[in-house]
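Below is one structure, written out as structure tokens, with a few remarks after it.
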Amino acid sequence: GGGGGGAERGGRGRARGGREVVTRGSGQVWEAYDRAEIQVEVSAAHASSVHRAREAAAKATSQLLVRLGAVLSARDGATSEPTSPSDEDLRAPRGPRRAPRAPRLRAVEARGGICRTAGVSIHQTYKQVPGEGSVPSGFRVSNTVAVQLRAPELAAEVIDAAVESAGEHLRNLSGPNFGVSEARLEEAEQAAFQRAFRHARGRAALLAREAGCTLGECLSINDSDDSAGPGSTPMRLFGGANRGATATPVAMGDGQVVERSVTVAFRLLEAAS
């Protein structure tokens, strides 16, 4: 690309009518993963009371949020101190006619990321009874906690903490899904376009020299719809030997590749005699 730029700057001459050179260039930029997402579903069931099931699920979820908040804030310090449910949160209000109150669920944010409730599911459960078929057997309440990591290397610790904290209430855990933030992808796209243009200009300058000409001004630029996706780079392992035998090993690729291509037309100039 540098040689092409030099040829373009140094070439002097006059244009031949209608003559141009069209080349295609491509550019790639790697961006390291800077985020990860994990979802944890916690649930509780009760044979007769949906309120009791909701209270148990909320208590387990609140404890999970506190535990995950401790993981997120352990390395860099929390922006807001994680809090556990207070006695007032967990105390059922007096009076036989009022349903028990579930603990308030607070989102926890730290420099390592943020965890918050992302959904709730309440449904009736059934069981098979001989001679009667499927009959209601109680209620199940599930809360989904979404963890968005700004430090993806914490993924293994988050998974371990979720499993240990939720215990028998753990219903599902999905992730980690690694990615690159939108701002970083936009920066990578701009850099990829710059590399693609320099590549195309260098090829055009080479062809112009072979034709006994020099490169003139740029006449047109067309970009193509390339995509950004994971690259086939060596995997890094988090957990395992780094944290002890109980850690969950998590393999994460080095990052994401952003590739852009352009087709550029340049005017051809007669070389100075």
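We name chains A, B, ... following the order of the structure tokens; residues begin at 1 in each chain, and ligands are numbered from 1 as shown.
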
Name the residues in contact with Ala151 in chain A at a cut-off of 12 Å, using only C-alpha atoms, excluding same-chain residues fewer than 5 positions from it; report them as a JSON list (two decimals) with N, CA and C atoms, in the first residue's frame.
```json
[["chain", "number", "residue", "atom", "x", "y", "z"],
["A", 32, "ALA", "N", -10.15, -7.91, 19.97],
["A", 32, "ALA", "CA", -10.22, -8.88, 21.06],
["A", 32, "ALA", "C", -11.60, -8.81, 21.71],
["A", 33, "TYR", "N", -12.09, -9.95, 22.16],
["A", 33, "TYR", "CA", -13.36, -9.98, 22.87],
["A", 33, "TYR", "C", -13.27, -9.11, 24.12],
["A", 34, "ASP", "N", -14.27, -8.26, 24.31],
["A", 34, "ASP", "CA", -14.29, -7.40, 25.49],
["A", 34, "ASP", "C", -15.59, -7.52, 26.27],
["A", 35, "ARG", "N", -16.41, -8.51, 25.95],
["A", 35, "ARG", "CA", -17.64, -8.71, 26.70],
["A", 35, "ARG", "C", -18.08, -10.16, 26.58],
["A", 36, "ALA", "N", -18.95, -10.58, 27.48],
["A", 36, "ALA", "CA", -19.53, -11.91, 27.45],
["A", 36, "ALA", "C", -20.88, -11.86, 28.14],
["A", 37, "GLU", "N", -21.77, -12.75, 27.75],
["A", 37, "GLU", "CA", -23.10, -12.80, 28.35],
["A", 37, "GLU", "C", -23.39, -14.21, 28.85],
["A", 71, "VAL", "N", -18.35, -11.55, 42.78],
["A", 71, "VAL", "CA", -17.37, -11.97, 41.76],
["A", 71, "VAL", "C", -17.02, -10.79, 40.86],
["A", 72, "LEU", "N", -18.02, -10.02, 40.44],
["A", 72, "LEU", "CA", -17.78, -8.92, 39.52],
["A", 72, "LEU", "C", -16.98, -7.79, 40.16],
["A", 73, "SER", "N", -17.13, -7.61, 41.46],
["A", 73, "SER", "CA", -16.48, -6.49, 42.13],
["A", 73, "SER", "C", -15.19, -6.87, 42.83],
["A", 74, "ALA", "N", -14.86, -8.17, 42.89],
["A", 74, "ALA", "CA", -13.70, -8.61, 43.66],
["A", 74, "ALA", "C", -12.39, -8.08, 43.09],
["A", 75, "ARG", "N", -12.29, -7.96, 41.76],
["A", 75, "ARG", "CA", -11.02, -7.60, 41.14],
["A", 75, "ARG", "C", -10.77, -6.10, 41.09],
["A", 76, "ASP", "N", -11.81, -5.34, 40.74],
["A", 76, "ASP", "CA", -11.58, -3.91, 40.51],
["A", 76, "ASP", "C", -12.33, -3.01, 41.48],
["A", 110, "ALA", "N", -20.82, -3.55, 38.72],
["A", 110, "ALA", "CA", -19.44, -3.34, 39.12],
["A", 110, "ALA", "C", -18.62, -3.13, 37.85],
["A", 111, "ARG", "N", -17.34, -2.86, 38.03],
["A", 111, "ARG", "CA", -16.49, -2.63, 36.86],
["A", 111, "ARG", "C", -16.37, -3.88, 36.00],
["A", 112, "GLY", "N", -16.50, -5.05, 36.64],
["A", 112, "GLY", "CA", -16.41, -6.29, 35.87],
["A", 112, "GLY", "C", -17.63, -6.60, 35.05],
["A", 113, "GLY", "N", -18.76, -5.93, 35.34],
["A", 113, "GLY", "CA", -19.97, -6.19, 34.58],
["A", 113, "GLY", "C", -21.20, -5.84, 35.40],
["A", 114, "ILE", "N", -22.35, -6.31, 34.92],
["A", 114, "ILE", "CA", -23.62, -6.06, 35.59],
["A", 114, "ILE", "C", -24.47, -7.31, 35.53],
["A", 156, "ALA", "N", -15.59, -18.05, 33.81],
["A", 156, "ALA", "CA", -15.50, -19.29, 34.58],
["A", 156, "ALA", "C", -15.90, -19.07, 36.04],
["A", 157, "GLU", "N", -15.45, -17.96, 36.61],
["A", 157, "GLU", "CA", -15.78, -17.67, 38.00],
["A", 157, "GLU", "C", -17.27, -17.40, 38.18],
["A", 158, "VAL", "N", -17.87, -16.74, 37.20],
["A", 158, "VAL", "CA", -19.31, -16.47, 37.27],
["A", 158, "VAL", "C", -20.09, -17.78, 37.21],
["A", 176, "PRO", "N", -21.03, -19.11, 28.28],
["A", 176, "PRO", "CA", -20.93, -17.69, 27.91],
["A", 176, "PRO", "C", -20.93, -17.47, 26.40],
["A", 178, "PHE", "N", -19.42, -14.89, 23.86],
["A", 178, "PHE", "CA", -18.42, -13.83, 23.79],
["A", 178, "PHE", "C", -18.69, -12.91, 22.61],
["A", 179, "GLY", "N", -18.29, -11.66, 22.76],
["A", 179, "GLY", "CA", -18.49, -10.71, 21.68],
["A", 179, "GLY", "C", -17.63, -9.47, 21.83],
["A", 180, "VAL", "N", -17.82, -8.55, 20.90],
["A", 180, "VAL", "CA", -17.10, -7.28, 20.88],
["A", 180, "VAL", "C", -18.13, -6.16, 20.94],
["A", 181, "SER", "N", -17.86, -5.15, 21.74],
["A", 181, "SER", "CA", -18.80, -4.05, 21.90],
["A", 181, "SER", "C", -18.99, -3.29, 20.59],
["A", 238, "PHE", "N", -9.69, -20.25, 30.43],
["A", 238, "PHE", "CA", -9.87, -19.60, 31.72],
["A", 238, "PHE", "C", -10.45, -20.62, 32.69]]
```

Residues near Gly25 in chain A, cut-off 12 Å, only C-alpha atoms, skip fewer than 4 positions along chain, as a PDB file with N, CA, C and O atoms, in the first residue's frame:
```pdb
ATOM      1  N   GLY A   1       0.828  -1.197   0.000  1.00  0.00           N
ATOM      2  CA  GLY A   1       0.000   0.000   0.000  1.00  0.00           C
ATOM      3  C   GLY A   1       0.858   1.241   0.000  1.00  0.00           C
ATOM      4  O   GLY A   1       0.554   2.221  -0.648  1.00  0.00           O
ATOM      5  N   ALA A 192     -10.567  -1.166   8.908  1.00  0.00           N
ATOM      6  CA  ALA A 192     -10.590  -2.155   7.822  1.00  0.00           C
ATOM      7  C   ALA A 192     -10.812  -1.470   6.472  1.00  0.00           C
ATOM      8  O   ALA A 192     -10.194  -1.843   5.459  1.00  0.00           O
ATOM      9  N   PHE A 193     -11.682  -0.464   6.431  1.00  0.00           N
ATOM     10  CA  PHE A 193     -11.899   0.277   5.187  1.00  0.00           C
ATOM     11  C   PHE A 193     -10.631   1.019   4.767  1.00  0.00           C
ATOM     12  O   PHE A 193     -10.297   1.080   3.576  1.00  0.00           O
ATOM     13  N   GLN A 194      -9.926   1.603   5.718  1.00  0.00           N
ATOM     14  CA  GLN A 194      -8.677   2.298   5.382  1.00  0.00           C
ATOM     15  C   GLN A 194      -7.661   1.335   4.792  1.00  0.00           C
ATOM     16  O   GLN A 194      -6.992   1.660   3.794  1.00  0.00           O
ATOM     17  N   ARG A 195      -7.527   0.174   5.385  1.00  0.00           N
ATOM     18  CA  ARG A 195      -6.595  -0.823   4.857  1.00  0.00           C
ATOM     19  C   ARG A 195      -7.019  -1.311   3.479  1.00  0.00           C
ATOM     20  O   ARG A 195      -6.186  -1.540   2.599  1.00  0.00           O
ATOM     21  N   ALA A 196      -8.342  -1.476   3.288  1.00  0.00           N
ATOM     22  CA  ALA A 196      -8.842  -1.940   1.998  1.00  0.00           C
ATOM     23  C   ALA A 196      -8.540  -0.924   0.903  1.00  0.00           C
ATOM     24  O   ALA A 196      -8.134  -1.283  -0.211  1.00  0.00           O
ATOM     25  N   PHE A 197      -8.720   0.369   1.220  1.00  0.00           N
ATOM     26  CA  PHE A 197      -8.450   1.399   0.208  1.00  0.00           C
ATOM     27  C   PHE A 197      -6.964   1.451  -0.128  1.00  0.00           C
ATOM     28  O   PHE A 197      -6.583   1.562  -1.304  1.00  0.00           O
ATOM     29  N   ARG A 198      -6.100   1.383   0.892  1.00  0.00           N
ATOM     30  CA  ARG A 198      -4.661   1.403   0.630  1.00  0.00           C
ATOM     31  C   ARG A 198      -4.242   0.192  -0.206  1.00  0.00           C
ATOM     32  O   ARG A 198      -3.368   0.306  -1.078  1.00  0.00           O
ATOM     33  N   HIS A 199      -4.872  -0.924   0.064  1.00  0.00           N
ATOM     34  CA  HIS A 199      -4.578  -2.132  -0.713  1.00  0.00           C
ATOM     35  C   HIS A 199      -4.960  -1.937  -2.175  1.00  0.00           C
ATOM     36  O   HIS A 199      -4.188  -2.266  -3.095  1.00  0.00           O
ATOM     37  N   ALA A 200      -6.168  -1.405  -2.404  1.00  0.00           N
ATOM     38  CA  ALA A 200      -6.620  -1.182  -3.779  1.00  0.00           C
ATOM     39  C   ALA A 200      -5.742  -0.156  -4.487  1.00  0.00           C
ATOM     40  O   ALA A 200      -5.389  -0.317  -5.670  1.00  0.00           O
ATOM     41  N   ARG A 201      -5.353   0.906  -3.799  1.00  0.00           N
ATOM     42  CA  ARG A 201      -4.511   1.928  -4.414  1.00  0.00           C
ATOM     43  C   ARG A 201      -3.125   1.385  -4.754  1.00  0.00           C
ATOM     44  O   ARG A 201      -2.553   1.700  -5.806  1.00  0.00           O
ATOM     45  N   GLY A 202      -2.576   0.545  -3.868  1.00  0.00           N
ATOM     46  CA  GLY A 202      -1.275  -0.045  -4.154  1.00  0.00           C
ATOM     47  C   GLY A 202      -1.311  -0.943  -5.381  1.00  0.00           C
ATOM     48  O   GLY A 202      -0.387  -0.921  -6.210  1.00  0.00           O
ATOM     49  N   ARG A 203      -2.371  -1.736  -5.518  1.00  0.00           N
ATOM     50  CA  ARG A 203      -2.492  -2.602  -6.701  1.00  0.00           C
ATOM     51  C   ARG A 203      -2.666  -1.768  -7.969  1.00  0.00           C
ATOM     52  O   ARG A 203      -2.115  -2.098  -9.030  1.00  0.00           O
ATOM     53  N   ALA A 204      -3.462  -0.692  -7.858  1.00  0.00           N
ATOM     54  CA  ALA A 204      -3.662   0.164  -9.034  1.00  0.00           C
ATOM     55  C   ALA A 204      -2.366   0.838  -9.456  1.00  0.00           C
ATOM     56  O   ALA A 204      -2.065   0.953 -10.649  1.00  0.00           O
ATOM     57  N   ILE A 221     -15.520   4.930  -5.708  1.00  0.00           N
ATOM     58  CA  ILE A 221     -15.267   3.916  -4.679  1.00  0.00           C
ATOM     59  C   ILE A 221     -16.580   3.201  -4.385  1.00  0.00           C
ATOM     60  O   ILE A 221     -17.595   3.850  -4.121  1.00  0.00           O
ATOM     61  N   ASN A 222     -16.544   1.903  -4.425  1.00  0.00           N
ATOM     62  CA  ASN A 222     -17.697   1.088  -4.055  1.00  0.00           C
ATOM     63  C   ASN A 222     -17.266   0.094  -2.979  1.00  0.00           C
ATOM     64  O   ASN A 222     -16.252  -0.591  -3.125  1.00  0.00           O
ATOM     65  N   ASP A 223     -18.040   0.030  -1.898  1.00  0.00           N
ATOM     66  CA  ASP A 223     -17.712  -0.925  -0.844  1.00  0.00           C
ATOM     67  C   ASP A 223     -18.660  -2.117  -0.919  1.00  0.00           C
ATOM     68  O   ASP A 223     -19.770  -2.026  -1.433  1.00  0.00           O
ATOM     69  N   SER A 224     -18.203  -3.248  -0.405  1.00  0.00           N
ATOM     70  CA  SER A 224     -19.008  -4.465  -0.413  1.00  0.00           C
ATOM     71  C   SER A 224     -19.494  -4.757   0.991  1.00  0.00           C
ATOM     72  O   SER A 224     -18.963  -4.262   1.980  1.00  0.00           O
ATOM     73  N   GLU A 259     -13.809  -7.670   8.326  1.00  0.00           N
ATOM     74  CA  GLU A 259     -13.230  -7.597   6.978  1.00  0.00           C
ATOM     75  C   GLU A 259     -14.103  -6.722   6.094  1.00  0.00           C
ATOM     76  O   GLU A 259     -15.332  -6.876   6.074  1.00  0.00           O
ATOM     77  N   ARG A 260     -13.468  -5.805   5.391  1.00  0.00           N
ATOM     78  CA  ARG A 260     -14.168  -4.932   4.453  1.00  0.00           C
ATOM     79  C   ARG A 260     -13.413  -4.894   3.138  1.00  0.00           C
ATOM     80  O   ARG A 260     -12.182  -4.991   3.109  1.00  0.00           O
ATOM     81  N   SER A 261     -14.150  -4.760   2.062  1.00  0.00           N
ATOM     82  CA  SER A 261     -13.562  -4.717   0.715  1.00  0.00           C
ATOM     83  C   SER A 261     -14.101  -3.503  -0.042  1.00  0.00           C
ATOM     84  O   SER A 261     -15.246  -3.083   0.173  1.00  0.00           O
ATOM     85  N   VAL A 262     -13.275  -2.964  -0.920  1.00  0.00           N
ATOM     86  CA  VAL A 262     -13.678  -1.835  -1.751  1.00  0.00           C
ATOM     87  C   VAL A 262     -13.204  -2.067  -3.174  1.00  0.00           C
ATOM     88  O   VAL A 262     -12.181  -2.714  -3.407  1.00  0.00           O
ATOM     89  N   THR A 263     -13.952  -1.529  -4.111  1.00  0.00           N
ATOM     90  CA  THR A 263     -13.563  -1.503  -5.520  1.00  0.00           C
ATOM     91  C   THR A 263     -13.378  -0.039  -5.910  1.00  0.00           C
ATOM     92  O   THR A 263     -14.307   0.766  -5.763  1.00  0.00           O
ATOM     93  N   VAL A 264     -12.166   0.294  -6.379  1.00  0.00           N
ATOM     94  CA  VAL A 264     -11.812   1.699  -6.601  1.00  0.00           C
ATOM     95  C   VAL A 264     -11.363   1.891  -8.053  1.00  0.00           C
ATOM     96  O   VAL A 264     -10.616   1.062  -8.595  1.00  0.00           O
ATOM     97  N   ALA A 265     -11.795   2.975  -8.658  1.00  0.00           N
ATOM     98  CA  ALA A 265     -11.366   3.345 -10.012  1.00  0.00           C
ATOM     99  C   ALA A 265     -10.484   4.591  -9.936  1.00  0.00           C
ATOM    100  O   ALA A 265     -10.836   5.572  -9.279  1.00  0.00           O
TER     101      ALA A 265
END
```

Q: Name all residues at most 6 Å from range 39-45 of chain A (count only C-alpha atoms; drop same-chain ones fewer than 4 positions away) and give them as a ChimeraX atom specification.
A: /A:53,56-57,139-146,169-174

Could you save the residues just selected, with N, CA and C atoms, as an mmCIF file, in the first residue's frame?
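Result written to selection26.cif:
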```cif
data_model
loop_
_atom_site.group_PDB
_atom_site.id
_atom_site.type_symbol
_atom_site.label_atom_id
_atom_site.label_comp_id
_atom_site.auth_asym_id
_atom_site.auth_seq_id
_atom_site.Cartn_x
_atom_site.Cartn_y
_atom_site.Cartn_z
ATOM 1 N N ALA A 53 -44.015 -20.242 46.266
ATOM 2 C CA ALA A 53 -43.056 -20.560 45.207
ATOM 3 C C ALA A 53 -42.341 -19.297 44.740
ATOM 4 N N ALA A 56 -39.786 -18.205 47.426
ATOM 5 C CA ALA A 56 -38.570 -19.032 47.442
ATOM 6 C C ALA A 56 -37.687 -18.737 46.244
ATOM 7 N N ALA A 57 -38.298 -18.560 45.069
ATOM 8 C CA ALA A 57 -37.515 -18.257 43.870
ATOM 9 C C ALA A 57 -36.845 -16.896 43.987
ATOM 10 N N PHE A 139 -47.240 -25.219 41.783
ATOM 11 C CA PHE A 139 -46.802 -24.084 40.977
ATOM 12 C C PHE A 139 -45.274 -24.032 40.937
ATOM 13 N N ARG A 140 -44.752 -23.527 39.839
ATOM 14 C CA ARG A 140 -43.311 -23.307 39.704
ATOM 15 C C ARG A 140 -43.069 -21.886 39.215
ATOM 16 N N VAL A 141 -42.155 -21.206 39.883
ATOM 17 C CA VAL A 141 -41.780 -19.841 39.521
ATOM 18 C C VAL A 141 -40.294 -19.826 39.179
ATOM 19 N N SER A 142 -39.966 -19.226 38.051
ATOM 20 C CA SER A 142 -38.572 -19.152 37.604
ATOM 21 C C SER A 142 -38.189 -17.703 37.345
ATOM 22 N N ASN A 143 -36.993 -17.340 37.773
ATOM 23 C CA ASN A 143 -36.409 -16.033 37.487
ATOM 24 C C ASN A 143 -35.145 -16.229 36.664
ATOM 25 N N THR A 144 -34.976 -15.408 35.647
ATOM 26 C CA THR A 144 -33.771 -15.454 34.819
ATOM 27 C C THR A 144 -32.888 -14.252 35.149
ATOM 28 N N VAL A 145 -31.639 -14.534 35.464
ATOM 29 C CA VAL A 145 -30.657 -13.493 35.750
ATOM 30 C C VAL A 145 -29.695 -13.395 34.565
ATOM 31 N N ALA A 146 -29.571 -12.213 34.005
ATOM 32 C CA ALA A 146 -28.648 -11.977 32.892
ATOM 33 C C ALA A 146 -27.381 -11.324 33.427
ATOM 34 N N HIS A 169 -31.859 -24.929 43.293
ATOM 35 C CA HIS A 169 -32.772 -24.037 42.580
ATOM 36 C C HIS A 169 -32.307 -23.742 41.150
ATOM 37 N N LEU A 170 -31.113 -24.178 40.779
ATOM 38 C CA LEU A 170 -30.607 -23.929 39.428
ATOM 39 C C LEU A 170 -31.375 -24.786 38.431
ATOM 40 N N ARG A 171 -32.011 -24.129 37.469
ATOM 41 C CA ARG A 171 -32.805 -24.841 36.466
ATOM 42 C C ARG A 171 -32.107 -24.861 35.110
ATOM 43 N N ASN A 172 -31.408 -23.771 34.777
ATOM 44 C CA ASN A 172 -30.726 -23.718 33.479
ATOM 45 C C ASN A 172 -29.641 -22.648 33.534
ATOM 46 N N LEU A 173 -28.544 -22.907 32.836
ATOM 47 C CA LEU A 173 -27.465 -21.933 32.685
ATOM 48 C C LEU A 173 -26.997 -21.987 31.243
ATOM 49 N N SER A 174 -26.998 -20.848 30.564
ATOM 50 C CA SER A 174 -26.575 -20.796 29.169
ATOM 51 C C SER A 174 -25.476 -19.755 28.995
#
```

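The spacing separating CA of Ala208 in chain A from CA of Gly27 in chain A amounts to 21.5 Å.
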
Discussion item. Using DSSP assignments from the backbone, pull out every residue in range 114-247 of chain A that falls under strand (DSSP E) and give it to me as an MDAnalysis selection string.
Written reply: chainID A and resid 114:129 133:149 170:179 213:223 228:230 235:238

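CA of Ser137 in chain A is positioned 29.4 Å from CA of Leu65 in chain A.
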
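Between CA of Gly255 in chain A and CA of Asp160 in chain A the separation is 23.5 Å.
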
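If you count only C-alpha atoms and ignore residues fewer than 4 places along the chain from Tyr126 in chain A, what sits within 10 Å of it is Gly133, Ser134, Val135, Pro136, Ser137, Gly138 and Phe139 of chain A.
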
TODO: Give me the residues within 10 Å of Arg116 in chain A as a PyMOL selection string, counting only C-alpha atoms and dropping any in the same chain fewer than 3 places off.
DONE: chain A and resi 39+61-62+65+68-69+105-109+119+144-148
